[in-house]
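Text of protein38.txt, listed as compact mmCIF, C-alpha atoms:
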# COMPACT_ATOMS: atom_id res chain seq x y z
CA MET V 1 0.00 0.00 0.00
CA THR V 2 1.37 3.37 -0.95
CA LEU V 3 -0.13 6.81 -0.53
CA PRO V 4 -0.71 9.19 -3.46
CA ILE V 5 2.16 11.25 -2.16
CA TYR V 6 5.41 12.21 -3.83
CA VAL V 7 8.44 13.70 -2.15
CA ILE V 8 10.78 16.13 -3.84
CA ARG V 9 14.19 16.55 -2.29
CA LEU V 10 15.99 19.77 -3.15
CA SER V 11 19.74 19.36 -3.05
CA GLN V 12 22.39 20.21 -5.56
CA ARG V 13 25.40 19.31 -3.45
CA GLY V 14 25.98 15.88 -4.98
CA TYR V 15 28.07 13.50 -2.86
CA ARG V 16 28.17 15.93 0.02
CA ASP V 17 24.48 15.22 0.67
CA LEU V 18 24.53 11.56 -0.33
CA ARG V 19 23.72 10.10 3.07
CA VAL V 20 21.14 12.68 4.02
CA THR V 21 19.40 12.31 0.66
CA THR V 22 19.46 8.51 1.00
CA HIS V 23 17.83 8.81 4.43
CA CYS V 24 15.16 11.09 2.91
CA CYS V 25 14.42 8.43 0.29
CA LEU V 26 14.16 5.64 2.85
CA VAL V 27 11.88 7.68 5.10
CA ALA V 28 9.67 8.55 2.13
CA ARG V 29 9.43 4.81 1.37
CA ALA V 30 8.98 3.56 4.96
CA PHE V 31 6.21 6.07 5.66
CA GLY V 32 4.29 4.98 2.60
CA THR V 33 4.81 7.52 -0.17
CA GLN V 34 5.10 6.43 -3.79
CA LYS V 35 8.09 8.23 -5.12
CA ILE V 36 10.91 10.63 -4.42
CA ILE V 37 12.29 12.99 -7.04
CA LEU V 38 15.89 14.14 -6.67
CA ASP V 39 17.95 16.83 -8.33
CA GLU V 40 19.97 15.35 -11.17
CA ASN V 41 23.16 16.36 -9.37
CA GLN V 42 22.50 13.71 -6.74
CA PRO V 43 24.49 10.49 -7.25
CA ARG V 44 22.81 7.66 -9.16
CA GLU V 45 23.92 5.19 -6.47
CA ILE V 46 21.17 6.55 -4.23
CA GLN V 47 18.64 5.07 -6.63
CA GLN V 48 20.48 1.74 -6.55
CA THR V 49 20.69 1.65 -2.76
CA VAL V 50 17.00 2.38 -2.36
CA GLN V 51 16.04 -0.04 -5.12
CA LYS V 52 17.89 -2.83 -3.32
CA ILE V 53 16.00 -2.12 -0.13
CA THR V 54 12.68 -2.08 -1.99
CA ASN V 55 13.56 -5.39 -3.66
CA THR V 56 14.23 -6.91 -0.25
CA PHE V 57 11.59 -5.30 1.92
CA GLY V 58 8.82 -5.03 -0.67
CA GLY V 59 6.37 -2.49 -1.97
CA THR V 60 6.76 -0.16 -4.90
CA PHE V 61 8.80 2.97 -4.50
CA ASP V 62 10.58 4.95 -7.18
CA VAL V 63 13.57 7.23 -7.07
CA GLU V 64 13.59 9.60 -10.03
CA TYR V 65 15.81 12.48 -11.05
CA THR V 66 14.92 15.83 -12.54
CA GLN V 67 16.89 18.64 -14.15
CA SER V 68 14.62 21.17 -12.51
CA PRO V 69 12.80 20.47 -9.25
CA ALA V 70 11.00 23.83 -9.54
CA ARG V 71 9.64 22.91 -12.96
CA GLU V 72 8.60 19.52 -11.60
CA ILE V 73 6.76 21.17 -8.72
CA LYS V 74 4.94 23.48 -11.17
CA ARG V 75 3.94 20.53 -13.34
CA LEU V 76 2.62 18.53 -10.38
CA LYS V 77 0.78 21.56 -9.05
CA LYS V 78 -0.92 22.04 -12.41
CA GLU V 79 -2.07 18.42 -12.24
CA GLY V 80 -3.96 19.26 -9.06
CA ASN V 81 -1.53 18.05 -6.41
CA THR V 82 -1.20 20.00 -3.18
CA ILE V 83 2.34 21.27 -2.67
CA VAL V 84 3.59 21.18 0.92
CA HIS V 85 7.03 22.62 1.58
CA LEU V 86 8.64 21.67 4.88
CA THR V 87 10.66 24.61 6.17
CA MET V 88 11.48 25.86 9.62
CA TYR V 89 9.92 29.19 8.68
CA GLY V 90 6.46 27.80 7.95
CA GLU V 91 3.20 27.40 9.80
CA SER V 92 2.28 24.93 12.52
CA PRO V 93 1.41 21.46 11.18
CA ARG V 94 -1.20 20.94 13.87
CA LYS V 95 -3.29 23.84 12.58
CA LYS V 96 -3.19 22.65 8.98
CA MET V 97 -3.36 18.88 9.33
CA ASN V 98 -7.15 18.47 9.15
CA GLU V 99 -7.26 20.62 6.04
CA LEU V 100 -4.43 18.66 4.46
CA ARG V 101 -5.99 15.28 5.22
CA LYS V 102 -9.13 16.30 3.32
CA LYS V 103 -7.31 16.90 0.02
CA LYS V 104 -8.80 14.70 -2.65
CA LYS V 105 -5.89 14.73 -5.07
CA GLY V 106 -2.29 13.80 -4.47
CA MET V 107 0.24 15.61 -2.36
CA VAL V 108 3.79 16.64 -3.09
CA ILE V 109 6.04 17.17 -0.10
CA VAL V 110 9.08 19.30 -0.80
CA VAL V 111 12.03 18.97 1.57
CA GLY V 112 14.80 21.43 1.44
CA ALA V 113 18.49 21.59 1.61
CA HIS V 114 20.97 24.22 2.64
CA LYS V 115 19.46 27.08 0.65
CA VAL V 116 15.94 26.89 -0.71
CA PRO V 117 15.11 29.41 -3.49
CA ALA V 118 12.39 31.93 -2.60
CA GLU V 119 10.41 30.61 -5.56
CA ILE V 120 9.68 27.38 -3.68
CA TYR V 121 8.02 29.22 -0.78
CA HIS V 122 5.68 30.85 -3.27
CA LEU V 123 5.00 27.75 -5.34
CA ALA V 124 4.03 25.88 -2.18
CA ASP V 125 0.36 25.79 -1.20
CA TYR V 126 1.53 25.24 2.37
CA ASN V 127 4.80 26.06 4.06
CA ILE V 128 4.89 23.92 7.17
CA SER V 129 7.38 23.96 10.03
CA ILE V 130 8.13 20.97 12.21
CA THR V 131 9.35 22.63 15.48
CA ARG V 132 10.41 26.15 14.29
CA GLN V 133 13.97 25.11 15.09
CA PRO V 134 16.80 24.14 12.77
CA HIS V 135 17.16 20.36 12.74
CA SER V 136 16.81 17.86 9.93
CA GLU V 137 14.76 17.52 6.77
CA ILE V 138 14.82 13.78 7.39
CA ALA V 139 13.11 14.05 10.77
CA ALA V 140 10.77 16.76 9.47
CA LEU V 141 9.66 14.46 6.66
CA GLY V 142 9.08 11.54 9.05
CA VAL V 143 7.19 13.56 11.64
CA PHE V 144 5.08 15.28 8.99
CA LEU V 145 4.10 11.99 7.33
CA HIS V 146 3.41 10.43 10.73
CA GLN V 147 1.01 13.25 11.52
CA LEU V 148 -0.57 13.40 8.09
CA THR V 149 -1.33 9.67 8.04
CA GLN V 150 -2.10 9.50 11.77
CA GLY V 151 0.55 6.91 12.38
CA LYS V 152 -0.28 4.70 9.43
CA GLU V 153 3.39 3.78 9.06
CA GLU V 154 2.94 1.23 11.82
CA THR V 155 0.53 -0.90 9.85
CA LEU V 156 1.69 -0.46 6.25
CA GLU V 157 2.14 -3.68 4.33
CA PHE V 158 4.82 -3.84 1.66
CA GLU V 159 3.80 -6.32 -0.98
CA GLY V 160 6.22 -8.89 -2.27
CA ALA V 161 8.65 -8.44 0.64
CA ARG V 162 11.40 -11.06 0.71
CA ARG V 163 12.28 -10.06 4.27
CA LYS V 164 9.73 -9.29 6.93
CA ILE V 165 10.58 -8.06 10.38
CA ILE V 166 8.62 -9.54 13.25
CA PRO V 167 8.59 -7.15 16.23
CA GLN V 168 10.58 -8.43 19.22
CA LYS V 169 11.09 -7.43 22.83
CA LYS V 170 14.80 -8.27 22.52
CA GLY V 171 16.84 -9.30 19.54
CA LYS V 172 15.90 -9.71 15.90
CA LYS V 173 13.39 -11.84 14.10
CA VAL V 174 13.24 -11.74 10.34
CA ILE V 175 11.24 -13.99 8.06
CA SER V 176 13.01 -14.45 4.75
CA SER V 177 11.48 -15.97 1.67
CA PRO V 178 13.41 -16.82 -1.50
CA ASN V 179 10.91 -15.48 -4.07
CA MET I 1 12.18 23.92 28.64
CA THR I 2 13.93 20.61 28.24
CA LEU I 3 12.73 17.13 29.00
CA PRO I 4 14.59 14.78 31.38
CA ILE I 5 15.64 12.79 28.34
CA TYR I 6 19.09 11.98 27.04
CA VAL I 7 19.93 10.59 23.66
CA ILE I 8 22.86 8.28 23.02
CA ARG I 9 24.00 7.97 19.45
CA LEU I 10 25.97 4.84 18.63
CA SER I 11 28.39 5.40 15.80
CA GLN I 12 32.06 4.70 15.50
CA ARG I 13 32.49 5.68 11.89
CA GLY I 14 33.87 9.16 12.54
CA TYR I 15 33.61 11.59 9.62
CA ARG I 16 31.64 9.11 7.56
CA ASP I 17 28.68 9.66 9.87
CA LEU I 18 29.31 13.34 10.58
CA ARG I 19 26.19 14.70 8.92
CA VAL I 20 23.87 12.00 10.14
CA THR I 21 25.17 12.36 13.69
CA THR I 22 24.82 16.14 13.48
CA HIS I 23 21.19 15.72 12.38
CA CYS I 24 20.60 13.37 15.33
CA CYS I 25 21.95 16.04 17.69
CA LEU I 26 19.76 18.77 16.21
CA VAL I 27 16.65 16.61 16.34
CA ALA I 28 17.41 15.71 19.96
CA ARG I 29 17.65 19.45 20.71
CA ALA I 30 14.65 20.62 18.65
CA PHE I 31 12.36 17.99 20.19
CA GLY I 32 13.28 19.06 23.68
CA THR I 33 15.80 16.59 25.11
CA GLN I 34 18.63 17.74 27.37
CA LYS I 35 21.69 16.09 26.02
CA ILE I 36 23.17 13.79 23.42
CA ILE I 37 26.11 11.53 24.11
CA LEU I 38 28.31 10.51 21.18
CA ASP I 39 31.02 7.94 20.73
CA GLU I 40 34.41 9.55 21.18
CA ASN I 41 35.26 8.63 17.57
CA GLN I 42 32.78 11.21 16.34
CA PRO I 43 34.37 14.52 15.27
CA ARG I 44 34.53 17.31 17.84
CA GLU I 45 33.20 19.77 15.25
CA ILE I 46 29.75 18.27 15.75
CA GLN I 47 29.77 19.70 19.28
CA GLN I 48 30.82 23.09 17.93
CA THR I 49 28.15 23.11 15.21
CA VAL I 50 25.39 22.25 17.67
CA GLN I 51 26.71 24.68 20.27
CA LYS I 52 26.52 27.50 17.73
CA ILE I 53 22.91 26.66 16.98
CA THR I 54 22.04 26.52 20.68
CA ASN I 55 23.74 29.89 21.21
CA THR I 56 21.63 31.38 18.45
CA PHE I 57 18.30 29.63 18.91
CA GLY I 58 18.36 29.30 22.69
CA GLY I 59 17.79 26.71 25.35
CA THR I 60 20.30 24.42 27.00
CA PHE I 61 21.50 21.38 25.17
CA ASP I 62 24.76 19.51 25.61
CA VAL I 63 26.76 17.35 23.28
CA GLU I 64 29.06 15.01 25.21
CA TYR I 65 31.44 12.26 24.20
CA THR I 66 32.06 8.89 25.80
CA GLN I 67 34.69 6.20 25.38
CA SER I 68 32.05 3.54 25.92
CA PRO I 69 28.39 4.12 25.08
CA ALA I 70 27.51 0.70 26.54
CA ARG I 71 29.10 1.62 29.88
CA GLU I 72 27.27 4.94 29.79
CA ILE I 73 23.96 3.18 29.18
CA LYS I 74 24.63 0.85 32.13
CA ARG I 75 25.45 3.79 34.38
CA LEU I 76 22.30 5.69 33.40
CA LYS I 77 20.19 2.57 33.82
CA LYS I 78 21.55 2.08 37.34
CA GLU I 79 20.52 5.65 38.13
CA GLY I 80 16.92 4.69 37.38
CA ASN I 81 16.55 5.94 33.83
CA THR I 82 14.46 3.94 31.38
CA ILE I 83 16.51 2.80 28.39
CA VAL I 84 14.70 2.88 25.05
CA HIS I 85 16.57 1.56 22.04
CA LEU I 86 15.17 2.50 18.65
CA THR I 87 15.68 -0.38 16.25
CA MET I 88 13.72 -1.64 13.29
CA TYR I 89 13.50 -5.02 15.02
CA GLY I 90 11.68 -3.75 18.08
CA GLU I 91 8.09 -3.50 19.26
CA SER I 92 5.38 -1.11 18.14
CA PRO I 93 5.64 2.34 19.75
CA ARG I 94 1.88 2.72 19.89
CA LYS I 95 1.55 -0.23 22.25
CA LYS I 96 4.23 1.03 24.63
CA MET I 97 3.71 4.77 24.58
CA ASN I 98 1.29 5.03 27.50
CA GLU I 99 3.58 2.92 29.64
CA LEU I 100 6.59 5.02 28.65
CA ARG I 101 4.84 8.32 29.35
CA LYS I 102 4.19 7.22 32.92
CA LYS I 103 7.86 6.76 33.79
CA LYS I 104 8.74 8.95 36.71
CA LYS I 105 12.49 9.08 36.19
CA GLY I 106 14.44 10.12 33.15
CA MET I 107 14.65 8.37 29.82
CA VAL I 108 17.61 7.49 27.68
CA ILE I 109 16.94 6.98 23.98
CA VAL I 110 19.59 4.99 22.17
CA VAL I 111 19.79 5.40 18.40
CA GLY I 112 21.85 3.04 16.40
CA ALA I 113 24.19 3.04 13.55
CA HIS I 114 25.19 0.49 10.97
CA LYS I 115 25.78 -2.38 13.38
CA VAL I 116 24.41 -2.33 16.90
CA PRO I 117 26.02 -4.82 19.34
CA ALA I 118 23.62 -7.46 20.72
CA GLU I 119 24.43 -6.18 24.21
CA ILE I 120 22.43 -3.01 23.53
CA TYR I 121 19.25 -4.96 22.78
CA HIS I 122 19.57 -6.64 26.16
CA LEU I 123 20.53 -3.53 28.11
CA ALA I 124 17.45 -1.75 26.74
CA ASP I 125 14.26 -1.82 28.79
CA TYR I 126 12.39 -1.29 25.53
CA ASN I 127 13.37 -2.00 21.95
CA ILE I 128 11.05 0.09 19.83
CA SER I 129 10.62 0.09 16.08
CA ILE I 130 9.38 3.08 14.11
CA THR I 131 7.85 1.41 10.98
CA ARG I 132 9.56 -2.05 10.92
CA GLN I 133 11.32 -0.89 7.78
CA PRO I 134 14.91 0.22 7.26
CA HIS I 135 15.04 4.00 7.09
CA SER I 136 16.78 6.54 9.29
CA GLU I 137 17.73 6.86 12.93
CA ILE I 138 17.17 10.59 12.53
CA ALA I 139 13.53 10.19 11.52
CA ALA I 140 13.02 7.41 14.06
CA LEU I 141 14.25 9.73 16.83
CA GLY I 142 12.00 12.57 15.69
CA VAL I 143 8.88 10.44 15.31
CA PHE I 144 9.49 8.69 18.63
CA LEU I 145 9.93 11.97 20.52
CA HIS I 146 6.90 13.46 18.78
CA GLN I 147 4.80 10.52 19.97
CA LEU I 148 6.29 10.38 23.46
CA THR I 149 5.67 14.07 24.10
CA GLN I 150 2.39 14.15 22.17
CA GLY I 151 3.61 16.82 19.83
CA LYS I 152 5.16 19.06 22.47
CA GLU I 153 7.87 20.12 20.02
CA GLU I 154 5.42 22.62 18.54
CA THR I 155 5.18 24.68 21.68
CA LEU I 156 8.64 24.35 23.24
CA GLU I 157 10.23 27.62 24.25
CA PHE I 158 14.00 27.92 24.07
CA GLU I 159 15.17 30.42 26.65
CA GLY I 160 17.66 33.10 25.75
CA ALA I 161 17.16 32.69 22.00
CA ARG I 162 18.84 35.40 19.95
CA ARG I 163 16.84 34.37 16.90
CA LYS I 164 13.19 33.46 16.98
CA ILE I 165 11.26 32.21 14.02
CA ILE I 166 7.76 33.57 13.56
CA PRO I 167 5.62 31.12 11.54
CA GLN I 168 4.72 32.42 8.08
CA LYS I 169 2.42 31.38 5.24
CA LYS I 170 5.11 32.35 2.73
CA GLY I 171 8.66 33.51 3.24
CA LYS I 172 10.69 33.96 6.39
CA LYS I 173 10.23 36.04 9.49
CA VAL I 174 12.93 36.00 12.12
CA ILE I 175 13.19 38.21 15.19
CA SER I 176 16.81 38.80 16.11
CA SER I 177 18.01 40.30 19.36
CA PRO I 178 21.60 41.28 20.06
CA ASN I 179 21.84 39.91 23.63
Would you mind writing the file out in structure tokens?
Amino acid sequence: MTLPIYVIRLSQRGYRDLRVTTHCCLVARAFGTQKIILDENQPREIQQTVQKITNTFGGTFDVEYTQSPAREIKRLKKEGNTIVHLTMYGESPRKKMNELRKKKKGMVIVVGAHKVPAEIYHLADYNISITRQPHSEIAALGVFLHQLTQGKEETLEFEGARRKIIPQKKGKKVISSPN
Amino acid sequence: MTLPIYVIRLSQRGYRDLRVTTHCCLVARAFGTQKIILDENQPREIQQTVQKITNTFGGTFDVEYTQSPAREIKRLKKEGNTIVHLTMYGESPRKKMNELRKKKKGMVIVVGAHKVPAEIYHLADYNISITRQPHSEIAALGVFLHQLTQGKEETLEFEGARRKIIPQKKGKKVISSPN
């Protein structure tokens, strides 16, 4: 099960942001979105890393690249998607969450990087701040999706998983299947 | 206002984990914990980076280093703190949250790295999984703290802040004071 939600990760710093961008991808997947779109300057190995995890742990999740995230946001907005930009300068999520959950069409969540162009703030239908403090786009994405879906990440099923984790008090239990 | 919560970040990979560890620190701070303890192999510049942010955005938050995170966990456990280890192999947070919120003493949240020694799973009073999928210790920490504090991060006040962000629909509004 995936949600009609895309994530766009703004970052042009290539290998410097490799790990942080990879974490963004994995959070987007684990919390049930369909796809993340990266700046073309981001290494292609991110796509491979995430693809491997999807092959093992199931579900469908795509990592795509774009020459222009801003153009991509405009295109998706025109298609009727709601654009939510996560920024520490934005509004309280609590106040907007009910409104956001009622959206009939898809949602595009934009997570920033070091410097986000002013254009993005204006393209966004919502600028939302998780905490009003500087921290991490990775945590912001997770906490936002947790709130938006009301904790749905706990019960998501990822179809075709070759490895399934069975919750344990202590230690690890994984069911592996060869298919 | 800070919570009687410490975070311990397990990571021995030095500069390789610099950004991810820095994000862990900033999430620990932004979501209201008191302190993060890092493995001594982590670069000292992380402490400086986080200190600068605390100086600017207020509150009290410490970054400390330890030669042995496991020994530190044992010491804090002996003092009566509840040890919560965030791992994708653990139990559902939803089922444990009420129990955790009732703890009278402090809490120590342990976030992992690439390989977490089996000892940690056994030292932990709770092994908790955010999503049962591989993603990010940064997001796991944020989502766990959000749930534990029931969204308190939205209303935390950081005393002595020289910069305060005022939530905006579009753009940025920051109040700076010279003190």
For Gln48 (chain V), please output as a ChimeraX atom specification all residues within 12 Å (counting only C-alpha atoms; exclusion window: fewer than 5 positions along the same chain).
/V:22,25-26,43,53-55,61-64
For region 89-101 of chain I, find every residue with an atom within 12 Å (counting all atoms listed in the file), except residues of its own chain fewer than 5 positions away, and show them as a PyMOL selection string.
(chain V and resi 150-155+163-175) or (chain I and resi 3-5+81-84+106-109+112+116+118+121-122+124-134+140-141+143-150)
Of the residues I:His85, I:Lys102, I:Lys52, I:Lys78, which is the one nearest to Arg9 (chain I), using only C-alpha atoms?
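That would be I:His85, the residue with the smallest distance to Arg9 (chain I).
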Around all the atoms of region 144-158 of chain I listed in the file, draw an axis-aligned box and extend it by 6 Å on each of the six sides; I want its centre and edge lengths in Å to one decimal, as JSON.
{"center_x": 8.2, "center_y": 18.3, "center_z": 21.4, "size_x": 23.6, "size_y": 31.2, "size_z": 17.7}
Proximity to chain V - best of I:Thr60, I:Ser176, I:Thr21, I:Gln34, all atoms listed in the file:
I:Thr21
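Polymer residues near (18.4, 30.4, 17.2): counting only C-alpha atoms with a cut-off of 6 Å, they are Ile53, Thr56, Phe57, Gly58, Ala161, Arg162 and Arg163 of chain I.
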Calculate how many Å separate CA of Ala70 (chain I) from CA of Lys104 (chain I), rounding to one decimal.
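Atom-to-atom, CA of Ala70 (chain I) to CA of Lys104 (chain I), that is 22.9 Å.
Residue nearest Gly80 (chain I) within the list I:Gln47, I:Tyr65, I:Lys103, I:Gly160: I:Lys103 [criterion: smallest interatomic distance, all atoms listed in the file].
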Coordinates-based distance that separates CA of Ala30 (chain V) from CA of Val50 (chain V) (Å, one decimal):
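A separation of 10.9 Å between them.
Taking all atoms listed in the file into account, chain I lies nearest to V:Met88 out of the set V:Ala113, V:Met88, V:Leu38, V:Ile8.
Our summary of the geometry notes that CA of Tyr15 (chain V) is positioned 20.0 Å from CA of Val110 (chain V).
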Calculated over only C-alpha atoms, which of the candidates V:Gly14, V:Gly59, V:Gly142, V:Pro117 has the smallest distance to chain I?
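Checking each of V:Gly14, V:Gly59, V:Gly142, V:Pro117 against chain I, counting only C-alpha atoms, the winner is V:Gly142.
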Out of V:Leu123, V:Lys77, V:Thr33, V:Asn41, which residue has the shortest atom-to-atom distance to Asp17 (chain V) when counting all atoms listed in the file?
V:Asn41
